[in-house]
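**Student:** So here's final.cif, just mmCIF, C-alpha atoms:
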```
data_query
#
loop_
_atom_site.label_atom_id
_atom_site.label_comp_id
_atom_site.auth_asym_id
_atom_site.auth_seq_id
_atom_site.Cartn_x
_atom_site.Cartn_y
_atom_site.Cartn_z
CA MET B 140 -8.74 15.63 17.35
CA THR B 141 -8.49 12.74 14.93
CA GLU B 142 -6.20 12.87 11.92
CA LEU B 143 -6.89 10.66 8.93
CA LEU B 144 -4.46 9.91 6.13
CA VAL B 145 -6.51 9.21 3.03
CA GLY B 146 -4.52 7.98 0.06
CA THR B 147 -6.32 8.55 -3.22
CA LYS B 148 -5.85 8.35 -6.95
CA LYS B 149 -5.22 12.10 -6.83
CA GLY B 150 -2.94 12.63 -3.91
CA LEU B 151 -2.93 12.34 -0.15
CA PHE B 152 -5.67 14.06 1.83
CA VAL B 153 -4.89 14.85 5.46
CA LEU B 154 -8.26 15.14 7.19
CA ARG B 155 -8.67 16.48 10.70
CA GLY B 156 -11.75 16.62 12.87
CA ASP B 157 -13.47 15.55 16.01
CA ALA B 158 -14.94 12.09 15.64
CA GLY B 159 -17.39 12.74 18.48
CA ALA B 160 -18.80 15.82 16.75
CA GLU B 161 -20.09 13.67 13.88
CA LYS B 162 -19.54 16.39 11.31
CA PRO B 163 -17.28 16.41 8.27
CA PHE B 164 -13.54 16.66 8.85
CA ASP B 165 -11.49 19.51 7.45
CA VAL B 166 -8.94 18.99 4.69
CA ALA B 167 -5.77 20.07 6.48
CA ALA B 168 -3.58 19.33 3.45
CA ARG B 169 -3.52 17.72 0.04
CA ALA B 170 -0.07 16.36 -0.74
CA PHE B 171 1.27 14.88 -3.97
CA PRO B 172 -1.39 16.34 -6.29
CA GLY B 173 -1.55 14.48 -9.56
CA ASN B 174 0.10 11.40 -8.13
CA VAL B 175 -1.44 8.18 -6.89
CA VAL B 176 -1.04 7.68 -3.16
CA GLU B 177 -1.39 3.99 -2.51
CA PHE B 178 -0.94 4.07 1.26
CA ALA B 179 0.02 6.41 4.07
CA ILE B 180 0.73 5.81 7.71
CA ARG B 181 2.18 7.52 10.77
CA ASP B 182 4.69 5.43 12.70
CA PRO B 183 3.54 5.99 16.29
CA ARG B 184 7.03 5.25 17.65
CA SER B 185 8.79 8.08 15.85
CA GLY B 186 5.87 10.26 14.86
CA ARG B 187 7.16 10.11 11.30
CA TYR B 188 4.69 9.94 8.43
CA PHE B 189 5.23 7.73 5.38
CA ALA B 190 3.37 7.85 2.09
CA SER B 191 3.61 5.42 -0.80
CA VAL B 192 3.41 7.57 -3.91
CA THR B 193 3.29 6.40 -7.52
CA SER B 194 4.00 8.96 -10.19
CA GLY B 195 2.80 8.11 -13.66
CA HIS B 196 6.06 9.57 -14.92
CA TYR B 197 8.66 9.11 -12.22
CA GLY B 198 7.70 5.77 -10.69
CA PRO B 199 6.91 4.59 -7.18
CA ARG B 200 8.60 5.62 -3.93
CA VAL B 201 8.06 6.07 -0.22
CA MET B 202 8.10 9.67 0.98
CA HIS B 203 8.48 10.75 4.59
CA THR B 204 7.91 13.79 6.78
CA MET B 205 7.32 14.81 10.37
CA ASP B 206 4.58 17.23 9.27
CA PRO B 207 2.08 15.95 6.70
CA THR B 208 1.00 19.51 5.92
CA GLY B 209 4.59 20.46 5.07
CA GLU B 210 7.38 19.20 2.83
CA TRP B 211 7.96 15.51 2.14
CA GLU B 212 11.31 13.88 1.32
CA PRO B 213 12.01 10.69 -0.62
CA THR B 214 13.39 7.58 1.06
CA THR B 215 15.92 5.46 -0.85
CA GLY B 216 16.67 1.86 -1.69
CA LEU B 217 13.28 0.58 -2.82
CA GLY B 218 13.87 -1.25 -6.07
CA TYR B 219 14.71 -4.65 -7.44
CA PRO B 220 18.38 -5.44 -7.99
CA GLU B 221 20.07 -4.53 -11.23
CA GLY B 222 19.60 -7.37 -13.68
CA SER B 223 16.35 -8.48 -12.08
CA ASP B 224 13.48 -9.46 -14.36
CA TRP B 225 11.25 -7.33 -12.11
CA SER B 226 10.90 -3.57 -11.70
CA LEU B 227 9.17 -1.92 -8.79
CA GLU B 228 5.60 -0.95 -9.71
CA ARG B 229 3.75 -0.01 -6.52
CA ILE B 230 4.24 0.05 -2.78
CA TRP B 231 1.14 -1.43 -1.16
CA SER B 232 1.86 -1.41 2.52
CA ILE B 233 4.16 0.08 5.15
CA LYS B 234 4.21 -1.62 8.54
CA PRO B 235 6.16 -0.74 11.71
CA GLY B 236 8.10 -3.75 12.97
CA GLU B 237 8.75 -5.15 16.42
CA ALA B 238 12.24 -3.72 16.97
CA ASP B 239 13.51 -0.16 17.19
CA ASP B 240 13.56 1.51 13.76
CA LEU B 241 12.39 -1.69 12.04
CA ILE B 242 9.80 -1.08 9.30
CA TYR B 243 8.56 -3.25 6.45
CA ALA B 244 7.22 -2.36 3.02
CA GLY B 245 5.20 -4.72 0.87
CA VAL B 246 5.39 -4.02 -2.86
CA ALA B 247 4.39 -5.12 -6.33
CA PRO B 248 5.68 -7.23 -7.96
CA ALA B 249 5.45 -9.19 -4.74
CA GLY B 250 8.41 -8.41 -2.55
CA LEU B 251 9.19 -7.47 1.02
CA PHE B 252 11.56 -4.63 1.83
CA THR B 253 12.97 -3.95 5.28
CA SER B 254 14.26 -0.77 6.83
CA THR B 255 16.34 -0.84 10.00
CA ASP B 256 16.85 2.92 10.19
CA GLY B 257 13.29 4.03 10.76
CA GLY B 258 12.27 4.03 7.11
CA MET B 259 14.99 6.18 5.57
CA THR B 260 16.60 3.38 3.53
CA TRP B 261 15.25 0.01 2.40
CA GLU B 262 16.66 -3.39 1.55
CA LEU B 263 15.10 -6.27 -0.36
CA ASN B 264 14.28 -9.46 1.54
CA ARG B 265 16.30 -11.90 -0.53
CA ALA B 266 14.88 -15.09 0.96
CA LEU B 267 11.44 -14.33 -0.44
CA TYR B 268 12.78 -12.92 -3.70
CA ASP B 269 14.91 -16.02 -4.24
CA GLN B 270 12.03 -18.48 -3.83
CA PRO B 271 12.30 -21.05 -6.65
CA SER B 272 8.58 -20.72 -7.32
CA ARG B 273 8.80 -16.96 -7.98
CA SER B 274 8.81 -17.31 -11.76
CA SER B 275 5.40 -18.97 -11.61
CA TRP B 276 3.72 -16.49 -9.25
CA GLN B 277 0.46 -15.19 -10.68
CA PRO B 278 -0.98 -11.71 -10.14
CA GLY B 279 -4.47 -10.84 -9.00
CA ALA B 280 -6.49 -8.13 -10.69
CA GLY B 281 -4.58 -5.51 -8.71
CA GLY B 282 -1.22 -6.95 -9.70
CA LEU B 283 1.17 -9.35 -8.00
CA CYS B 284 1.25 -7.62 -4.68
CA LEU B 285 2.48 -8.18 -1.15
CA HIS B 286 -0.09 -6.22 0.83
CA SER B 287 -0.44 -7.77 4.28
CA ILE B 288 2.37 -7.90 6.83
CA ALA B 289 1.39 -9.38 10.20
CA THR B 290 4.03 -8.88 12.86
CA TRP B 291 4.10 -10.75 16.20
CA PRO B 292 3.93 -8.42 19.19
CA GLY B 293 7.33 -8.19 20.84
CA ASP B 294 9.02 -10.74 18.57
CA PRO B 295 10.57 -9.50 15.31
CA SER B 296 11.48 -13.04 14.26
CA ARG B 297 7.89 -14.11 13.61
CA LEU B 298 6.15 -12.82 10.52
CA ALA B 299 3.20 -13.72 8.34
CA ILE B 300 2.70 -12.08 4.97
CA GLY B 301 -0.11 -12.24 2.45
CA ILE B 302 0.38 -12.03 -1.30
CA SER B 303 -2.16 -11.72 -4.07
CA ALA B 304 -2.12 -14.29 -5.53
CA VAL B 305 0.57 -16.41 -3.89
CA GLY B 306 -1.03 -17.12 -0.53
CA VAL B 307 0.36 -16.87 2.99
CA TRP B 308 4.04 -17.08 3.83
CA LEU B 309 5.37 -17.61 7.33
CA SER B 310 8.76 -16.96 8.89
CA GLU B 311 10.16 -17.71 12.34
CA ASP B 312 13.59 -16.23 11.71
CA GLY B 313 12.85 -12.64 10.84
CA GLY B 314 12.48 -13.33 7.14
CA GLU B 315 15.64 -15.37 6.64
CA SER B 316 13.47 -18.25 5.43
CA TRP B 317 9.82 -18.67 4.43
CA ARG B 318 7.28 -21.46 4.16
CA HIS B 319 3.65 -21.66 3.06
CA GLY B 320 0.67 -21.41 5.38
CA ASN B 321 -2.26 -22.19 3.12
CA GLU B 322 -3.96 -25.34 4.39
CA GLY B 323 -7.73 -25.04 4.31
CA LEU B 324 -7.96 -22.15 1.84
CA VAL B 325 -10.38 -22.95 -0.99
CA PRO B 326 -9.69 -21.12 -4.27
CA ARG B 327 -13.05 -21.53 -5.98
CA TYR B 328 -11.64 -19.90 -9.09
CA ILE B 329 -9.36 -22.95 -9.65
CA PRO B 330 -10.70 -26.31 -10.88
CA GLU B 331 -11.19 -28.65 -7.93
CA GLU B 332 -8.65 -31.16 -9.18
CA ALA B 333 -5.98 -28.45 -9.44
CA ARG B 334 -6.51 -26.98 -5.97
CA PRO B 335 -4.27 -29.27 -3.89
CA LYS B 336 -1.13 -28.23 -5.75
CA THR B 337 -1.91 -24.64 -6.66
CA LEU B 338 -0.07 -21.67 -5.28
CA ASP B 339 -2.51 -19.29 -6.98
CA LEU B 340 -4.08 -18.24 -3.70
CA CYS B 341 -5.51 -14.77 -3.75
CA VAL B 342 -5.27 -13.40 -0.24
CA HIS B 343 -7.01 -10.03 -0.09
CA ASN B 344 -6.23 -9.02 3.48
CA MET B 345 -4.84 -10.56 6.64
CA HIS B 346 -4.54 -9.38 10.25
CA ARG B 347 -3.11 -10.89 13.41
CA ALA B 348 -4.93 -10.61 16.76
CA PRO B 349 -2.23 -9.00 18.91
CA LEU B 350 -3.53 -10.33 22.23
CA ARG B 351 -3.63 -13.87 20.84
CA PRO B 352 -0.95 -13.73 18.18
CA GLU B 353 -1.31 -17.32 17.02
CA ARG B 354 -4.69 -16.19 15.61
CA LEU B 355 -5.07 -14.49 12.25
CA PHE B 356 -8.10 -13.41 10.25
CA MET B 357 -8.20 -13.30 6.45
CA GLN B 358 -10.39 -11.89 3.71
CA PHE B 359 -9.78 -14.16 0.74
CA HIS B 360 -10.83 -13.87 -2.92
CA GLY B 361 -14.15 -15.47 -2.07
CA GLY B 362 -14.01 -16.56 1.56
CA VAL B 363 -13.36 -15.23 5.04
CA TYR B 364 -11.09 -17.35 7.23
CA ARG B 365 -9.53 -17.67 10.66
CA SER B 366 -6.35 -19.43 11.68
CA ASP B 367 -5.64 -20.40 15.30
CA ASP B 368 -2.27 -22.01 14.58
CA VAL B 369 -0.08 -19.11 13.46
CA GLY B 370 -1.34 -19.31 9.89
CA GLU B 371 -0.58 -22.96 9.23
CA SER B 372 -4.21 -23.80 8.54
CA TRP B 373 -7.44 -21.91 8.00
CA ILE B 374 -11.15 -22.50 8.64
CA SER B 375 -14.01 -20.70 6.96
CA ILE B 376 -15.90 -18.20 9.10
CA ALA B 377 -17.95 -16.71 6.26
CA GLU B 378 -21.32 -18.09 7.33
CA GLY B 379 -23.64 -15.27 8.26
CA LEU B 380 -22.16 -12.73 5.86
CA PRO B 381 -24.23 -11.47 2.91
CA ALA B 382 -21.27 -12.24 0.63
CA ASP B 383 -17.82 -13.65 1.23
CA PHE B 384 -16.03 -11.44 -1.31
CA GLY B 385 -14.34 -8.22 -0.28
CA PHE B 386 -11.02 -6.49 0.19
CA PRO B 387 -10.75 -4.51 3.42
CA MET B 388 -10.48 -6.01 6.88
CA ALA B 389 -9.83 -4.63 10.35
CA ILE B 390 -9.68 -5.93 13.90
CA ASP B 391 -10.10 -4.53 17.39
CA PRO B 392 -6.60 -4.93 18.86
CA ALA B 393 -8.08 -5.41 22.35
CA ASP B 394 -10.40 -8.23 21.28
CA PRO B 395 -8.80 -11.33 19.78
CA ASP B 396 -12.25 -12.60 18.80
CA SER B 397 -12.97 -9.56 16.63
CA ALA B 398 -12.83 -8.98 12.91
CA PHE B 399 -14.57 -6.51 10.62
CA VAL B 400 -15.15 -6.82 6.88
CA ILE B 401 -17.05 -4.93 4.18
CA PRO B 402 -18.68 -7.52 1.93
CA MET B 403 -19.03 -6.91 -1.79
CA ILE B 404 -21.20 -8.92 -4.14
CA SER B 405 -18.59 -11.02 -5.94
CA ASP B 406 -15.40 -10.87 -7.95
CA GLY B 407 -17.56 -10.15 -10.99
CA ASP B 408 -19.40 -7.27 -9.31
CA ARG B 409 -17.23 -5.57 -6.73
CA VAL B 410 -19.77 -3.30 -5.04
CA THR B 411 -21.55 -3.36 -1.71
CA VAL B 412 -24.33 -5.93 -1.51
CA ASP B 413 -27.90 -4.75 -2.24
CA GLY B 414 -26.68 -1.17 -2.73
CA ARG B 415 -26.19 -0.86 1.03
CA ALA B 416 -22.97 0.23 2.72
CA ARG B 417 -22.49 -2.17 5.62
CA VAL B 418 -19.58 -3.17 7.76
CA TYR B 419 -19.94 -6.62 9.28
CA GLY B 420 -18.31 -7.39 12.59
CA THR B 421 -17.76 -10.48 14.67
CA ARG B 422 -16.92 -10.54 18.39
CA ASP B 423 -16.94 -14.32 18.67
CA ALA B 424 -14.16 -15.21 16.22
CA GLY B 425 -16.50 -15.66 13.30
CA GLU B 426 -19.25 -17.72 14.89
CA SER B 427 -21.68 -14.91 14.10
CA TRP B 428 -21.65 -11.60 12.28
CA THR B 429 -23.50 -8.35 12.99
CA SER B 430 -24.36 -5.68 10.43
CA LEU B 431 -22.98 -2.29 11.46
CA SER B 432 -24.72 0.21 9.23
CA ASP B 433 -26.47 2.84 11.35
CA GLY B 434 -25.69 6.14 9.62
CA LEU B 435 -24.25 4.59 6.44
CA PRO B 436 -26.09 5.01 3.11
CA GLN B 437 -28.58 2.18 2.71
CA GLU B 438 -30.16 3.00 -0.63
CA ASP B 439 -28.51 2.82 -4.05
CA ALA B 440 -25.05 2.90 -2.47
CA TYR B 441 -22.98 0.72 -4.79
CA LEU B 442 -19.60 1.37 -3.24
CA THR B 443 -16.25 -0.25 -3.88
CA ILE B 444 -13.94 -0.22 -0.89
CA LEU B 445 -10.37 -1.15 -1.72
CA ARG B 446 -7.94 -3.31 0.22
CA GLN B 447 -6.22 -0.68 2.36
CA ALA B 448 -9.17 1.69 2.68
CA PHE B 449 -10.28 0.64 6.17
CA GLY B 450 -8.47 1.76 9.32
CA VAL B 451 -9.12 1.78 13.05
CA ASP B 452 -8.13 4.00 15.95
CA GLY B 453 -7.85 2.78 19.52
CA GLU B 454 -9.73 -0.24 20.80
CA GLY B 455 -12.84 -1.54 22.50
CA SER B 456 -16.28 0.02 22.39
CA GLY B 457 -14.81 3.46 21.71
CA MET B 458 -12.67 2.33 18.79
CA GLY B 459 -12.67 4.65 15.81
CA MET B 460 -13.33 3.03 12.44
CA TYR B 461 -12.91 4.75 9.10
CA PHE B 462 -13.28 3.60 5.52
CA GLY B 463 -13.26 5.24 2.12
CA ALA B 464 -14.71 4.22 -1.22
CA THR B 465 -13.69 4.70 -4.81
CA SER B 466 -16.62 7.14 -4.98
CA GLY B 467 -14.45 9.51 -2.93
CA ASP B 468 -16.66 9.23 0.15
CA VAL B 469 -15.13 8.59 3.57
CA PHE B 470 -17.16 7.34 6.54
CA GLY B 471 -16.30 7.10 10.21
CA SER B 472 -17.48 5.72 13.51
CA ALA B 473 -16.41 6.74 17.02
CA ASP B 474 -18.12 3.78 18.71
CA ALA B 475 -16.68 0.68 17.03
CA GLY B 476 -19.23 0.69 14.25
CA ALA B 477 -22.40 1.12 16.31
CA SER B 478 -23.07 4.38 14.50
CA TRP B 479 -21.48 6.10 11.52
CA PHE B 480 -21.08 9.61 10.16
CA THR B 481 -19.78 11.06 6.89
CA VAL B 482 -16.17 12.18 7.30
CA HIS B 483 -15.92 13.72 3.84
CA GLU B 484 -17.62 13.47 0.47
CA ARG B 485 -16.35 13.71 -3.08
CA LEU B 486 -12.64 13.25 -2.57
CA ALA B 487 -10.78 11.39 -5.31
CA PRO B 488 -11.13 7.57 -5.49
CA VAL B 489 -9.84 6.30 -2.15
CA ASN B 490 -7.02 3.76 -2.05
CA SER B 491 -6.22 3.77 1.66
CA VAL B 492 -7.38 5.10 5.00
CA ARG B 493 -5.29 5.07 8.15
CA VAL B 494 -5.65 6.95 11.42
CA ALA B 495 -2.63 8.92 12.56
CA SER B 496 -3.12 8.76 16.33
CA MET B 497 -1.82 11.99 17.80
CA MET D 1 29.68 20.38 -19.38
CA ALA D 2 26.15 19.77 -20.63
CA ILE D 3 23.35 21.89 -19.27
CA VAL D 4 20.53 19.74 -17.86
CA LYS D 5 17.18 21.53 -17.70
CA LEU D 6 14.57 20.34 -15.22
CA ARG D 7 10.99 21.16 -14.30
CA ALA D 8 8.94 20.43 -11.20
CA PRO D 9 8.98 18.08 -9.42
CA LEU D 10 12.51 17.19 -10.56
CA LYS D 11 13.95 20.67 -10.00
CA ASP D 12 12.86 20.47 -6.37
CA LEU D 13 15.09 17.41 -5.97
CA VAL D 14 18.19 19.31 -7.11
CA GLY D 15 17.86 22.23 -4.75
CA GLY D 16 15.22 24.11 -6.72
CA ASN D 17 17.49 24.67 -9.71
CA ARG D 18 15.90 24.76 -13.14
CA GLU D 19 19.21 23.86 -14.72
CA VAL D 20 22.41 22.24 -13.60
CA ALA D 21 25.74 21.71 -15.36
CA ILE D 22 26.72 18.05 -15.47
CA GLU D 23 29.65 16.26 -17.04
CA GLY D 24 29.22 13.05 -19.02
CA ALA D 25 29.62 11.57 -22.49
CA SER D 26 26.20 9.92 -22.69
CA VAL D 27 22.71 10.45 -21.34
CA GLY D 28 23.19 7.53 -18.97
CA GLU D 29 26.47 8.95 -17.65
CA ILE D 30 24.93 12.37 -17.16
CA LEU D 31 21.90 11.02 -15.34
CA ARG D 32 24.02 8.85 -13.05
CA GLU D 33 26.26 11.82 -12.28
CA LEU D 34 23.14 13.89 -11.61
CA GLU D 35 22.04 11.23 -9.10
CA ARG D 36 25.50 11.19 -7.51
CA GLN D 37 25.49 14.96 -7.02
CA HIS D 38 21.82 15.11 -6.02
CA PRO D 39 20.90 11.82 -4.34
CA LYS D 40 17.27 12.82 -3.85
CA ILE D 41 16.66 12.41 -7.60
CA GLU D 42 17.82 8.80 -7.57
CA GLY D 43 15.16 6.55 -9.09
CA TRP D 44 13.05 9.35 -10.54
CA VAL D 45 14.45 9.49 -14.08
CA LEU D 46 16.41 6.24 -14.26
CA ASP D 47 14.69 3.12 -12.93
CA GLU D 48 16.47 0.56 -10.73
CA HIS D 49 17.98 -1.02 -13.85
CA GLY D 50 19.54 2.19 -15.13
CA ARG D 51 16.99 2.76 -17.89
CA VAL D 52 15.19 6.01 -18.54
CA ARG D 53 11.67 5.50 -17.22
CA ARG D 54 9.06 4.67 -19.83
CA HIS D 55 7.07 7.85 -19.33
CA VAL D 56 10.00 10.25 -19.11
CA ASN D 57 11.42 11.90 -22.21
CA VAL D 58 15.02 13.04 -22.55
CA PHE D 59 15.91 15.48 -25.33
CA VAL D 60 19.49 16.30 -26.30
CA ASP D 61 19.73 19.41 -28.47
CA GLY D 62 16.16 18.87 -29.62
CA GLU D 63 16.40 15.14 -30.35
CA ARG D 64 14.46 12.67 -28.21
CA VAL D 65 16.94 10.02 -27.08
CA ARG D 66 17.42 7.21 -24.56
CA GLU D 67 20.16 6.51 -22.04
CA ASP D 68 22.79 5.30 -24.50
CA ALA D 69 22.82 8.48 -26.63
CA ALA D 70 26.02 10.49 -26.87
CA VAL D 71 26.08 14.00 -25.41
CA ALA D 72 28.43 16.77 -26.54
CA SER D 73 30.10 18.88 -23.89
CA ASP D 74 28.07 21.95 -24.87
CA ALA D 75 24.74 20.13 -25.26
CA THR D 76 21.44 21.09 -23.68
CA VAL D 77 19.56 18.19 -22.11
CA HIS D 78 15.87 18.53 -21.29
CA ILE D 79 14.17 16.03 -18.98
CA LEU D 80 10.41 16.14 -19.36
CA PRO D 81 7.38 14.06 -18.45
CA SER D 82 5.88 12.35 -21.49
CA ILE D 83 2.27 12.97 -22.38
CA SER D 84 1.63 9.23 -21.98
CA GLY D 85 2.41 8.98 -18.30
CA GLY D 86 -0.15 11.16 -16.60
CA GLU D 87 -2.62 9.64 -14.18
CA ARG D 88 -6.17 9.56 -15.55
#
```
Rewrite the coordinates I just gave you, this time as C-alpha cells.
**Tutor:**
Amino acid sequence: MTELLVGTKKGLFVLRGDAGAEKPFDVAARAFPGNVVEFAIRDPRSGRYFASVTSGHYGPRVMHTMDPTGEWEPTTGLGYPEGSDWSLERIWSIKPGEADDLIYAGVAPAGLFTSTDGGMTWELNRALYDQPSRSSWQPGAGGLCLHSIATWPGDPSRLAIGISAVGVWLSEDGGESWRHGNEGLVPRYIPEEARPKTLDLCVHNMHRAPLRPERLFMQFHGGVYRSDDVGESWISIAEGLPADFGFPMAIDPADPDSAFVIPMISDGDRVTVDGRARVYGTRDAGESWTSLSDGLPQEDAYLTILRQAFGVDGEGSGMGMYFGATSGDVFGSADAGASWFTVHERLAPVNSVRVASM
Amino acid sequence: MAIVKLRAPLKDLVGGNREVAIEGASVGEILRELERQHPKIEGWVLDEHGRVRRHVNVFVDGERVREDAAVASDATVHILPSISGGER
C-alpha cells in the first residue's frame, strides 16, 4: 500500500491505495480542516509524521503525530526572536537531516530552523538570520521563503539551501556560516546591467543527487540548471523543454543523471503548456528531456502545480511519482513516469505531495 | 482570578476545558500565564513578539481589547477568532 500526504488549502488529506492497481486512492483521513497545510512529511527514521499548518487565525506551526489518522500535537520553538522585525508567516519545508534526530524547517520570511530532538523543538539558525544583506532580501510572488534544503548524505556539515528570491546558500560547517552559490544563474527579470551584483535570485526548487552529492538540479524562475561543483556554479539544461518556467522538481535518488520537472508557460501564465499535463524527465543530466504524459490529461488541462506538490517513492524504473494541482487533482505513476493514473480528483487546491513510505 | 473562555481549537490545547481560571492584571499577563500553565497553546494567541495575533479577538467583560488592557480579578475574558482571519 502507498500512503500519500497531500497538503491543501483546506487541510491535509491522507490518501491510501495500491499504486499498481491504477485506481483512485481512498481518503484515509482529512486533518486540520479549515487550515492551510503547506507541507507534510513522514520522517522514515522515526516513523513520525510532521505537518506544516497555517491557521488564518492562530498562525503557523509544525504539528506531529505517529498516526496521521489520529490526533496531532504542536511542536514548539518556531518563531523569530522577540524584538525581531520579522514574524513567522509560513513553514515551507521540513527535511530530515544527516544525524540522529536532526531535522530542518525552511520558513517564510526566509529562515532556517533546526531541531536536534527529532522535531519536537526548533531553534533559529542565527548565522543565516544575521546575514548583513537580510534587510535587502526581496520576496517572490509566494513570499520570501526558504523552501529547498539539500543535505549531503552522511555528512551533516554540508548543506545547500534555496531561497525565493535570495538564491543559493552553501555551508560546510553545519550552518555556522553561509556563502552564496549563484554563479551562472541568469535572472531574466532583472536588467542585464544589474545582474552581476543582484541577490534577487528566485530559486523555485533545488535537489541534490544523493549518489553524486556534488551535483544539484534547480528549477529557477525561468531556467532549469545543473551544478556539478556543490552549487558553486550552474549551467543551463533547459534546452529541449517546452518552457523553462515551473515550480516542482524531483529526482530519482538512484540515478544521479535524473531530474523531473513540470513545465508551465511562463511567470505571466503559470499553467501547463498547451493545456497538456506533462512531466519532463532527463536521464542524462539534462542533455535531453523526454515527455512523460501517458495517462495524464492532454486536452484543455491548464493545471498549476505548486513548488512542493511533486513527490517520489523509491527509485529506478519502479519509482512512484505523484503530483497534485491547484485544481485539486492528484496524479500518480508506479513506473517512474512511463504511465500515469488519477490518484484522486476534486480535492482542495494542492500545496504539497509527499509519499509516506511504509 | 479572571475566567478565560475558549473555543475549539484553543480549548483542545488546555485539556479540553471551555474555561480556565487564570491570574493576571492585564490581558498580556493572563495570556502568558495561560501559556505557562498550558504550554501547548504557546504561539496560538500571542505571536512570537508577545502581541495578540492580528486575526484573534480578545474581549474583557464585553470590550474588545489588546494585550495591554487591564483585567479585573473577577473579569470574564473571551478569546475568539476574528471574522477577518478565515481561509478563503
**Student:** What would the list of residues within 10 Å of (7.3, 1.3, -13.6) (file frame) look like as an mmCIF file with C-alpha atoms, in the frame of the given file, if all atoms listed in the file are what count?
**Tutor:**
```cif
data_model
loop_
_atom_site.group_PDB
_atom_site.id
_atom_site.type_symbol
_atom_site.label_atom_id
_atom_site.label_comp_id
_atom_site.auth_asym_id
_atom_site.auth_seq_id
_atom_site.Cartn_x
_atom_site.Cartn_y
_atom_site.Cartn_z
ATOM 1 C CA THR B 193 3.290 6.400 -7.520
ATOM 2 C CA SER B 194 4.000 8.960 -10.190
ATOM 3 C CA GLY B 195 2.800 8.110 -13.660
ATOM 4 C CA HIS B 196 6.060 9.570 -14.920
ATOM 5 C CA TYR B 197 8.660 9.110 -12.220
ATOM 6 C CA GLY B 198 7.700 5.770 -10.690
ATOM 7 C CA PRO B 199 6.910 4.590 -7.180
ATOM 8 C CA TRP B 225 11.250 -7.330 -12.110
ATOM 9 C CA SER B 226 10.900 -3.570 -11.700
ATOM 10 C CA LEU B 227 9.170 -1.920 -8.790
ATOM 11 C CA GLU B 228 5.600 -0.950 -9.710
ATOM 12 C CA ARG B 229 3.750 -0.010 -6.520
ATOM 13 C CA ASP D 47 14.690 3.120 -12.930
ATOM 14 C CA GLU D 48 16.470 0.560 -10.730
ATOM 15 C CA ARG D 53 11.670 5.500 -17.220
ATOM 16 C CA ARG D 54 9.060 4.670 -19.830
ATOM 17 C CA HIS D 55 7.070 7.850 -19.330
#
```
**Student:** Rank nothing, just name the residue among B:Pro183, B:Pro392, B:Gly301, B:Gly222 nearest to chain D, using all atoms listed in the file.
**Tutor:**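 Closest residue, counting all atoms listed in the file: B:Gly222.
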**Student:** When you get a sec, could you note down which chain D residues fall within 8 Å of chain B, using only C-alpha atoms, as a list in words?
**Tutor:**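 The complete set of qualifying residues is Lys40, Glu42, Gly43, Trp44, Val45, Asp47, Glu48, His49, Gly50, Arg53, Arg54, His55, Val56, Pro81, Ser82, Gly85, Gly86 and Glu87 of chain D.
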**Student:** List the residues matched by the PyMOL selection byres ((chain D and resi 19) around 6) in the displayed structure as a ChimeraX atom specification, ordered by chain and then by residue number.
**Tutor:** /D:4-6,17-18,20
**Student:** Report, in Å to a single decimal, how far apart atom CA of Ala72 of chain D and atom CA of Ala25 of chain D are.
**Tutor:** 6.7 Å
**Student:** Report, in Å to a single decimal, how far apart atom CA of Thr443 of chain B and atom CA of Leu324 of chain B are.
**Tutor:** 24.1 Å
**Student:** Check which residues satisfy the PyMOL selection byres ((chain B and resi 273-283) around 6) in the file shown, then give them as a list in words.
**Tutor:**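 That expression, the PyMOL selection byres ((chain B and resi 273-283) around 6), corresponds here to Ala247, Pro248, Ala249, Gln270, Pro271, Ser272, Cys284, Ser303 and Ala304 of chain B.
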**Student:** To one decimal in Å, tell me the separation between atom CA of Arg493 of chain B and atom CA of Gly450 of chain B.
**Tutor:**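 Here the two named atoms are 4.7 Å from each other.
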**Student:** To verify the selection step, state as number ranges by chain which residues the PyMOL selection byres ((chain D and resi 63) around 12) yields on this input.
**Tutor:** D: 27, 57-62, 64-66, 69-71, 75-79
